[in-house]
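Heads up, data-v1.txt below (compact mmCIF, C-alpha atoms and all ligand atoms):
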```
# COMPACT_ATOMS: atom_id res chain seq x y z
CA MET A 692 0.00 0.00 0.00
CA ASN A 693 1.30 3.41 -0.93
CA GLY A 694 1.62 5.95 1.83
CA ILE A 695 1.54 9.71 1.57
CA ILE A 696 5.15 10.09 0.44
CA GLU A 697 4.49 8.06 -2.72
CA ASN A 698 0.99 9.41 -3.23
CA TYR A 699 2.08 13.03 -3.11
CA LYS A 700 5.71 12.85 -4.19
CA GLU A 701 5.26 15.88 -6.40
CA PHE A 702 4.51 17.96 -3.29
CA ILE A 703 6.68 16.33 -0.62
CA ASP A 704 10.36 16.84 -1.24
CA ILE A 705 12.51 14.12 0.34
CA GLY A 706 15.51 14.72 -1.93
CA ASP A 707 17.33 11.44 -2.54
CA ALA A 708 16.04 9.75 0.63
CA ASN A 709 14.26 6.41 0.24
CA PRO A 710 10.49 6.69 0.62
CA ILE A 711 9.01 4.65 3.46
CA SER A 712 5.46 3.85 4.49
CA MET A 713 3.32 2.14 7.08
CA GLY A 714 0.22 2.78 5.00
CA GLU A 715 -0.56 6.22 6.38
CA GLY A 716 -3.08 8.58 4.78
CA SER A 717 -5.97 7.74 2.41
CA THR A 718 -8.32 8.03 5.39
CA PRO A 719 -12.12 8.04 4.98
CA LEU A 720 -13.96 11.28 4.28
CA LEU A 721 -17.51 10.56 5.39
CA ASN A 722 -20.58 12.64 4.84
CA SER A 723 -22.21 13.30 8.21
CA ASN A 724 -25.99 13.20 7.94
CA PHE A 725 -26.32 14.20 11.54
CA LEU A 726 -24.15 17.30 11.27
CA SER A 727 -25.35 18.25 7.79
CA LYS A 728 -28.92 18.29 9.05
CA LYS A 729 -28.08 20.09 12.26
CA ILE A 730 -26.14 22.88 10.56
CA GLY A 731 -28.08 22.96 7.28
CA ALA A 732 -24.82 22.41 5.43
CA ASP A 733 -22.90 19.68 3.61
CA VAL A 734 -20.61 18.44 6.39
CA PHE A 735 -17.86 15.84 5.98
CA ILE A 736 -15.73 14.12 8.59
CA LYS A 737 -12.07 13.33 7.85
CA VAL A 738 -11.51 10.23 9.96
CA GLU A 739 -7.84 10.47 10.89
CA GLY A 740 -8.14 7.78 13.53
CA CYS A 741 -7.79 5.33 10.63
CA ASN A 742 -4.08 6.02 10.28
CA PRO A 743 -1.68 3.20 11.30
CA SER A 744 -1.12 4.34 14.89
CA GLY A 745 -4.62 5.76 15.20
CA SER A 746 -4.05 9.47 14.66
CA PHE A 747 -3.12 12.06 12.02
CA LYS A 748 0.40 12.21 13.43
CA ASP A 749 1.50 9.35 11.17
CA ARG A 750 1.26 11.59 8.10
CA GLY A 751 3.98 13.85 9.41
CA MET A 752 5.90 11.17 11.24
CA VAL A 753 6.54 9.11 8.11
CA VAL A 754 8.30 12.04 6.43
CA ALA A 755 10.25 13.01 9.56
CA VAL A 756 11.40 9.40 10.00
CA CYS A 757 12.23 9.01 6.33
CA MET A 758 14.59 11.98 6.64
CA ALA A 759 15.94 10.82 10.01
CA LEU A 760 16.92 7.51 8.41
CA HIS A 761 18.49 9.32 5.48
CA ARG A 762 20.53 11.45 7.88
CA LYS A 763 21.62 8.33 9.80
CA LYS A 764 19.95 9.36 13.07
CA ARG A 765 19.64 6.75 15.80
CA VAL A 766 17.07 8.14 18.20
CA LEU A 767 13.67 9.77 17.69
CA VAL A 768 12.71 12.15 20.50
CA CYS A 769 9.48 14.01 21.09
CA ALA A 770 7.46 15.76 23.73
CA SER A 771 3.90 14.57 23.56
CA THR A 772 0.40 14.55 24.94
CA GLY A 773 0.29 10.97 23.64
CA ASN A 774 -0.35 10.66 19.92
CA THR A 775 2.96 11.97 18.63
CA SER A 776 4.70 9.55 20.99
CA ALA A 777 2.56 6.61 19.86
CA SER A 778 3.31 7.45 16.25
CA ALA A 779 7.05 8.05 16.77
CA SER A 780 7.47 4.81 18.68
CA ALA A 781 5.58 2.81 16.03
CA TYR A 782 7.83 4.10 13.25
CA ALA A 783 10.91 3.63 15.43
CA ALA A 784 9.95 -0.01 16.01
CA LYS A 785 9.34 -0.61 12.31
CA PHE A 786 12.49 1.12 11.06
CA GLY A 787 15.00 0.01 13.69
CA LEU A 788 15.36 3.26 15.61
CA VAL A 789 15.20 4.04 19.32
CA SER A 790 12.32 6.23 20.47
CA ALA A 791 12.45 8.34 23.60
CA ILE A 792 9.25 10.11 24.48
CA ILE A 793 8.76 12.83 27.07
CA VAL A 794 5.23 13.06 28.38
CA PRO A 795 3.39 14.93 31.14
CA ASN A 796 3.09 12.46 34.01
CA GLY A 797 -0.51 11.40 34.62
CA ASN A 798 -1.91 13.40 31.71
CA ILE A 799 -1.72 11.05 28.80
CA ALA A 800 -4.57 8.76 27.84
CA LYS A 801 -4.15 5.09 28.67
CA GLY A 802 -4.37 3.75 25.13
CA LYS A 803 -1.59 6.04 23.94
CA LEU A 804 0.71 5.04 26.75
CA SER A 805 -0.04 1.36 26.04
CA GLN A 806 0.96 1.91 22.43
CA ALA A 807 4.31 3.45 23.38
CA MET A 808 4.91 0.61 25.82
CA ALA A 809 4.07 -2.02 23.22
CA PHE A 810 6.38 -0.42 20.67
CA GLY A 811 9.28 -0.44 23.14
CA ALA A 812 9.72 3.32 23.60
CA LYS A 813 11.81 4.80 26.37
CA ILE A 814 9.04 6.53 28.26
CA ILE A 815 10.04 9.57 30.30
CA ALA A 816 7.14 10.92 32.35
CA ILE A 817 8.04 14.36 33.68
CA ASN A 818 6.36 16.11 36.56
CA GLY A 819 5.36 18.98 34.36
CA SER A 820 3.20 19.92 31.39
CA PHE A 821 3.50 19.24 27.68
CA ASP A 822 4.97 22.73 27.34
CA ASP A 823 7.69 21.87 29.88
CA ALA A 824 8.43 18.66 27.97
CA LEU A 825 8.74 20.56 24.69
CA ASN A 826 11.14 23.04 26.31
CA ILE A 827 13.40 20.12 27.26
CA VAL A 828 13.16 18.64 23.77
CA ARG A 829 14.19 21.94 22.18
CA LYS A 830 17.47 21.70 24.12
CA LEU A 831 18.28 18.38 22.41
CA GLU A 832 18.52 19.96 18.98
CA ASP A 833 22.30 19.85 18.79
CA TYR A 834 22.75 16.17 19.64
CA ASP A 835 23.95 14.46 16.45
CA GLU A 836 22.22 11.13 16.87
CA ILE A 837 18.86 12.59 17.82
CA GLU A 838 16.02 13.58 15.50
CA ILE A 839 13.33 15.70 17.12
CA VAL A 840 10.01 14.62 15.67
CA ASN A 841 7.66 17.21 17.13
CA SER A 842 5.94 19.48 14.63
CA ILE A 843 8.79 21.99 15.06
CA ASN A 844 10.45 19.56 12.64
CA PRO A 845 9.41 21.00 9.24
CA TYR A 846 9.10 17.51 7.70
CA ARG A 847 6.18 16.82 10.04
CA ILE A 848 4.26 19.71 8.48
CA GLU A 849 5.24 18.55 4.99
CA GLY A 850 3.62 15.18 5.64
CA GLN A 851 0.56 16.44 7.45
CA LYS A 852 -0.38 18.80 4.62
CA SER A 853 -1.28 15.66 2.62
CA ALA A 854 -4.63 15.53 4.42
CA ALA A 855 -5.65 18.78 2.71
CA PHE A 856 -4.71 17.27 -0.66
CA GLU A 857 -6.81 14.19 0.02
CA ILE A 858 -9.86 16.29 0.88
CA LEU A 859 -9.60 18.30 -2.34
CA ASP A 860 -8.91 15.16 -4.39
CA ASP A 861 -11.98 13.47 -2.88
CA ILE A 862 -14.65 16.17 -2.90
CA GLY A 863 -13.16 19.20 -4.62
CA GLU A 864 -13.00 22.64 -3.09
CA ILE A 865 -14.64 23.35 0.24
CA ASP A 866 -15.82 26.50 2.00
CA SER A 867 -14.56 25.90 5.54
CA LEU A 868 -12.36 23.57 7.59
CA CYS A 869 -12.99 22.98 11.31
CA ILE A 870 -10.06 21.52 13.23
CA PRO A 871 -8.91 21.06 16.84
CA VAL A 872 -5.87 23.10 17.85
CA GLY A 873 -3.25 22.11 20.41
CA ASN A 874 0.35 22.78 19.47
CA ALA A 875 -1.04 24.24 16.22
CA GLY A 876 1.04 22.13 13.84
CA ASN A 877 -1.94 20.54 12.14
CA ILE A 878 -3.81 23.73 11.27
CA THR A 879 -0.50 25.06 9.93
CA ALA A 880 -0.05 21.95 7.80
CA TYR A 881 -3.58 22.00 6.35
CA TRP A 882 -3.23 25.65 5.45
CA LYS A 883 0.06 24.90 3.66
CA GLY A 884 -1.60 22.05 1.78
CA PHE A 885 -4.57 24.15 0.74
CA LYS A 886 -2.27 26.93 -0.45
CA GLU A 887 -0.18 24.52 -2.52
CA TYR A 888 -3.23 23.04 -4.27
CA ASN A 889 -4.57 26.54 -4.76
CA SER A 890 -1.41 27.58 -6.63
CA LYS A 891 -1.18 24.37 -8.60
CA PHE A 892 -4.82 23.61 -9.47
CA GLY A 893 -6.72 26.78 -8.56
CA PHE A 894 -8.89 25.23 -5.81
CA LYS A 895 -10.19 28.12 -3.72
CA LEU A 896 -8.79 28.52 -0.20
CA PRO A 897 -11.21 27.47 2.54
CA LYS A 898 -11.76 29.51 5.67
CA MET A 899 -9.80 27.95 8.50
CA TYR A 900 -11.53 27.56 11.86
CA GLY A 901 -9.43 26.23 14.73
CA PHE A 902 -10.88 25.24 18.08
CA GLN A 903 -9.11 25.07 21.42
CA ALA A 904 -10.45 23.74 24.70
CA GLU A 905 -11.56 26.61 26.94
CA GLY A 906 -9.10 25.76 29.74
CA ALA A 907 -6.26 25.47 27.24
CA SER A 908 -6.93 28.32 24.84
CA PRO A 909 -3.80 30.50 24.71
CA ILE A 910 -4.36 31.59 21.11
CA VAL A 911 -7.93 32.66 21.82
CA LYS A 912 -6.89 34.55 24.95
CA ASN A 913 -3.70 35.79 23.34
CA GLU A 914 -1.64 34.80 26.37
CA ILE A 915 0.39 31.81 27.53
CA ILE A 916 -1.60 29.56 29.87
CA GLU A 917 0.71 28.32 32.62
CA ASN A 918 -1.56 25.53 33.84
CA PRO A 919 -3.78 24.41 30.99
CA GLU A 920 -6.68 22.14 31.95
CA THR A 921 -9.11 20.17 29.82
CA ILE A 922 -10.60 16.72 29.57
CA ALA A 923 -9.18 16.65 26.03
CA THR A 924 -5.65 15.78 27.19
CA ALA A 925 -4.32 15.69 23.61
CA ILE A 926 -4.76 19.47 23.34
CA ARG A 927 -3.86 20.37 26.91
CA ILE A 928 -1.25 22.88 25.76
CA GLY A 929 -0.60 26.40 27.05
CA ASN A 930 2.08 27.69 24.70
CA PRO A 931 1.70 26.26 21.18
CA ALA A 932 4.86 26.00 19.09
CA SER A 933 3.11 27.08 15.87
CA TRP A 934 1.09 29.89 17.47
CA ASP A 935 2.04 32.52 14.86
CA LYS A 936 1.43 30.22 11.93
CA ALA A 937 -2.01 29.30 13.22
CA ASN A 938 -2.87 32.99 13.49
CA GLU A 939 -1.56 33.53 9.99
CA ALA A 940 -3.80 30.75 8.62
CA VAL A 941 -6.96 32.11 10.20
CA THR A 942 -6.17 35.73 9.39
CA TYR A 943 -5.40 35.14 5.71
CA SER A 944 -8.30 32.74 5.20
CA ASP A 945 -10.75 35.00 7.05
CA GLY A 946 -11.45 32.24 9.60
CA ALA A 947 -11.00 32.25 13.38
CA ILE A 948 -9.66 30.43 16.42
CA LYS A 949 -12.26 30.03 19.14
CA ALA A 950 -12.76 28.10 22.35
CA VAL A 951 -15.16 25.26 23.18
CA SER A 952 -15.91 24.00 26.68
CA ASP A 953 -15.19 20.48 27.90
CA GLU A 954 -18.93 19.93 28.07
CA GLU A 955 -19.36 20.91 24.43
CA ILE A 956 -16.44 18.67 23.46
CA ILE A 957 -17.93 15.67 25.26
CA ASP A 958 -21.34 16.35 23.80
CA SER A 959 -19.92 16.26 20.25
CA TYR A 960 -17.76 13.24 21.11
CA VAL A 961 -20.82 11.29 22.25
CA ASN A 962 -23.04 12.43 19.38
CA LEU A 963 -20.49 11.69 16.67
CA ALA A 964 -20.31 8.10 17.89
CA ARG A 965 -24.07 7.78 18.32
CA HIS A 966 -25.10 9.29 14.99
CA ASP A 967 -22.19 8.78 12.64
CA GLY A 968 -20.62 5.64 14.07
CA VAL A 969 -17.29 7.39 14.40
CA PHE A 970 -15.58 6.83 17.73
CA CYS A 971 -12.98 9.52 18.28
CA GLU A 972 -11.00 10.73 21.24
CA PRO A 973 -12.24 13.85 23.07
CA ALA A 974 -9.76 16.34 21.52
CA SER A 975 -10.82 15.15 18.09
CA ALA A 976 -14.36 16.32 18.72
CA ALA A 977 -13.31 19.93 19.35
CA GLY A 978 -13.70 20.81 15.66
CA ILE A 979 -17.25 19.50 15.65
CA ALA A 980 -18.07 21.24 18.92
CA GLY A 981 -16.83 24.46 17.32
CA LEU A 982 -18.81 23.91 14.15
CA ILE A 983 -21.99 23.54 16.18
CA LYS A 984 -21.29 26.33 18.67
CA TYR A 985 -20.28 28.96 16.14
CA SER A 986 -22.54 27.90 13.30
CA LYS A 987 -24.60 31.12 13.42
CA ASN A 988 -21.64 33.44 13.99
CA TYR A 989 -19.81 32.19 10.93
CA LYS A 990 -22.86 31.44 8.77
CA PHE A 991 -21.93 27.80 8.23
CA ASP A 992 -25.38 26.97 6.83
CA GLY A 993 -25.34 26.23 3.12
CA GLN A 994 -21.58 25.66 3.12
CA LYS A 995 -19.47 22.64 2.21
CA ILE A 996 -17.45 21.95 5.35
CA VAL A 997 -14.89 19.42 6.51
CA CYS A 998 -14.34 18.64 10.21
CA VAL A 999 -11.04 16.97 10.95
CA VAL A 1000 -11.49 14.18 13.49
CA THR A 1001 -7.91 13.68 14.55
CA GLY A 1002 -7.62 10.48 16.61
CA ASN A 1003 -9.24 7.15 17.45
CA GLY A 1004 -11.56 6.80 20.45
CA LEU A 1005 -9.88 3.58 21.56
CA LYS A 1006 -6.93 5.64 22.70
CA ASP A 1007 -8.85 7.01 25.64
CA PRO A 1008 -10.92 4.21 27.18
CA SER A 1009 -11.33 5.99 30.53
CA THR A 1010 -13.25 8.86 28.95
CA SER A 1011 -15.50 6.54 27.00
CA GLU A 1012 -16.25 4.51 30.11
CA LYS A 1013 -17.31 7.70 31.85
CA HIS A 1014 -19.33 9.31 29.08
CA ALA A 1015 -20.54 6.64 26.67
CA SER A 1016 -24.29 6.61 26.32
CA SER A 1017 -24.81 2.83 26.63
CA LYS A 1018 -24.79 0.97 29.89
CA ILE A 1019 -23.88 -2.65 30.51
CA PHE A 1020 -26.65 -5.04 31.63
CA GLU A 1021 -25.35 -7.88 33.75
CA VAL A 1022 -27.74 -10.85 33.52
CA ASN A 1023 -27.78 -14.55 34.12
CA SER A 1024 -26.64 -16.75 31.31
CA ASN A 1025 -30.01 -17.78 29.85
CA LEU A 1026 -32.12 -16.83 26.82
CA ASP A 1027 -35.05 -15.37 28.76
CA ASP A 1028 -32.93 -12.88 30.63
CA VAL A 1029 -31.10 -11.90 27.44
CA LEU A 1030 -34.40 -11.43 25.56
CA LYS A 1031 -35.75 -9.17 28.29
CA ILE A 1032 -32.98 -6.74 27.60
CA ILE A 1033 -33.15 -6.97 23.80
CA ASN A 1034 -36.84 -6.19 23.85
N1 LIG A 1101 -6.09 16.06 18.14
C1 LIG A 1101 -5.35 15.09 18.66
C2 LIG A 1101 -5.96 13.76 18.84
C3 LIG A 1101 -4.00 15.34 19.01
O1 LIG A 1101 -3.27 14.36 19.53
C4 LIG A 1101 -3.47 16.64 18.84
C5 LIG A 1101 -2.11 16.94 19.22
C6 LIG A 1101 -4.31 17.61 18.27
C7 LIG A 1101 -5.60 17.29 17.94
C8 LIG A 1101 -3.84 18.98 18.03
O2 LIG A 1101 -2.97 19.06 16.95
O3 LIG A 1101 -1.01 19.98 18.15
O4 LIG A 1101 -1.11 19.96 15.66
O5 LIG A 1101 -2.57 21.48 16.98
N2 LIG A 1101 -1.34 16.14 19.83
C9 LIG A 1101 0.08 16.36 20.10
C10 LIG A 1101 0.72 15.09 20.67
C11 LIG A 1101 0.38 17.59 20.84
O6 LIG A 1101 1.72 15.19 21.37
O7 LIG A 1101 0.25 14.01 20.36
P1 LIG A 1101 -1.84 20.18 16.92
```
How does this structure look as structure tokens?
Amino acid sequence: MNGIIENYKEFIDIGDANPISMGEGSTPLLNSNFLSKKIGADVFIKVEGCNPSGSFKDRGMVVAVCMALHRKKRVLVCASTGNTSASASAYAAKFGLVSAIIVPNGNIAKGKLSQAMAFGAKIIAINGSFDDALNIVRKLEDYDEIEIVNSINPYRIEGQKSAAFEILDDIGEIDSLCIPVGNAGNITAYWKGFKEYNSKFGFKLPKMYGFQAEGASPIVKNEIIENPETIATAIRIGNPASWDKANEAVTYSDGAIKAVSDEEIIDSYVNLARHDGVFCEPASAAGIAGLIKYSKNYKFDGQKIVCVVTGNGLKDPSTSEKHASSKIFEVNSNLDDVLKIIN
């Protein structure tokens, strides 16, 4: 199976490095009846949880790792709220590298930690935030054997922009994109992708709408948040690395970055599963929460819109246990008792 490097080789420059793949990209773009009806628009969901390690991170990781291999690096290092580390450690396992991941102790979802453990990562849980972890990672830049694979690595952005290409290849030009924002690499990457297809094929540029969790919304508040808090641990970030680029994307596209509450996030998370059959992790539902909350403000009705759903719900089983709408019936092992529940 081709991955994004092969599929978009005209747009992703890896020089004379050998292309690699774990089958990332080519994720489903589903029409959402539930959201289309609710908003009065044509709403699509880009299901990024279908990437090899269960999140959009694989799109960028494959390019960063391809170049790390080319440059004879030995160790992949990242700070992470969970998904980057799961992705980095998967590619490290596959391509014979060491992965060392620095995560905020106690604030990474169980499924993501299990992935890193399964892939054999060196897991360093710091008593600090994601932002603290990223500050440490930045100091490792000059170590020869180490490749930093956070989105401050430009190859990550190069890979992640492929999602914008896929959307335009699948359904043509769109009016708006709704996307969760944490460290702001992904919104930066989509904007780059849309701009490149705009120059090459003339597709119009969509308006970019980024959504942060209220308790972790530094871009919205225009100030660093020292102690970010949200149920959406993936975007629990107080000082995003690509802050300026995110602002650039929304300013030039005439979009916006806004906040959604944890309650609104969970509501969208539950409803997306119930009505569209897409089980995502909480952070991934922030784009949908934003679409619903700001639908009137930004006149989303009548538009063709894509919501990026960034990661798989299986990564965060504790949240689903707490908020899923079904309950478990414990019954005796006989047909009558089972039928009572079915009926
Ligand atoms: N959604 C999910 C599921 C994520 O894991 C992240 C970021 C985002 C959205 C936000 O994307 O940072 O590019 O704005 N996760 C990073 C990590 C920070 O370490 O896995 P962003």
Review point. Near A:Ala977, counting only C-alpha atoms, which residues have an atom at most 7 Å away, once you skip same-chain residues fewer than 5 positions from it, shown as an MDAnalysis selection string?
Key: chainID A and resid 871 902:903 951 956
Exercise for review: Find the spatial neighbours of stretch 848-852 of chain A, counting all atoms listed in the file, within a cut-off of 7 Å - ignore same-chain residues fewer than 6 positions away - and output them as a list in words.
Suggested key: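 The neighbour list is Ile703, Arg750, Gly751, Val754, Ser842, Gly876, Asn877, Ala880, Tyr881, Lys883 and Gly884 of chain A.
Between atom CA of A:Ser1011 and atom CA of A:Asn918 the separation is 24.5 Å.
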Exercise for review: With all atoms listed in the file counted, collect every polymer residue having an atom within 7 Å of ligand LIG 1101 (chain A); state the result as a ChimeraX atom specification.
Suggested key: /A:746,770-776,871-878,925-926,972,974-975,1001-1002
Atoms to include: C-alpha atoms. Write the selected residues as a compact mmCIF listing (two decimals), keeping the file's coordinate frame.
```txt
# COMPACT_ATOMS: atom_id res chain seq x y z
CA SER A 746 -4.05 9.47 14.66
CA ALA A 770 7.46 15.76 23.73
CA SER A 771 3.90 14.57 23.56
CA THR A 772 0.40 14.55 24.94
CA GLY A 773 0.29 10.97 23.64
CA ASN A 774 -0.35 10.66 19.92
CA THR A 775 2.96 11.97 18.63
CA SER A 776 4.70 9.55 20.99
CA PRO A 871 -8.91 21.06 16.84
CA VAL A 872 -5.87 23.10 17.85
CA GLY A 873 -3.25 22.11 20.41
CA ASN A 874 0.35 22.78 19.47
CA ALA A 875 -1.04 24.24 16.22
CA GLY A 876 1.04 22.13 13.84
CA ASN A 877 -1.94 20.54 12.14
CA ILE A 878 -3.81 23.73 11.27
CA ALA A 925 -4.32 15.69 23.61
CA ILE A 926 -4.76 19.47 23.34
CA GLU A 972 -11.00 10.73 21.24
CA ALA A 974 -9.76 16.34 21.52
CA SER A 975 -10.82 15.15 18.09
CA THR A 1001 -7.91 13.68 14.55
CA GLY A 1002 -7.62 10.48 16.61
```
Check your understanding: Nearest to A:Ser959: which of A:Val1029, A:Leu726, A:Ala807, A:Ile711 is it, counting all atoms listed in the file?
Key ->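 Of all the options, A:Leu726 lies closest to A:Ser959.
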Review point. Which of these, A:Ala855, A:Ile910, A:Ala777, A:Ile695, has the shortest distance to A:Ile792 once you count all atoms listed in the file?
Key: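 Closest to A:Ile792, using all atoms listed in the file: A:Ala777.
Once A:Lys830 and its same-chain neighbours fewer than 6 positions away are set aside, Val768, Cys769, Ala770, Asp823, Ala824, Ile837, Glu838 and Ile839 of chain A remain within 12 Å of it when counting all atoms listed in the file.
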Exercise for review: Between A:Ser986, A:Lys737, A:Ser1016, A:Leu825, single out the one closest to A:His966, counting only C-alpha atoms.
Suggested key: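 Result for the nearest residue to A:His966: A:Ser1016.
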Point to revise | For A:Ile730, the nearest of the candidates A:Lys1031, A:Lys886, A:Lys700, A:Lys987, counting all atoms listed in the file | key: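 Distance minimum relative to A:Ile730 lands on A:Lys987.
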Check your understanding: Separation of atom CA of A:Val911 and atom CA of A:Ser933, in Å?
Key ->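 The value is 13.7 Å.
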Check your understanding: Nearest to A:Arg829 among A:Leu859, A:Ala932, A:Leu760, A:Ile1019, with distances taken over only C-alpha atoms: which residue is it?
Key ->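 Checking each of A:Leu859, A:Ala932, A:Leu760, A:Ile1019 against A:Arg829, counting only C-alpha atoms, the winner is A:Ala932.
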Revision key, fill the gap. Counting all atoms listed in the file, the residue among A:Gly745, A:Asp860, A:Asp1028, A:Ser867 that lies closest to A:Lys803 is A:Gly745
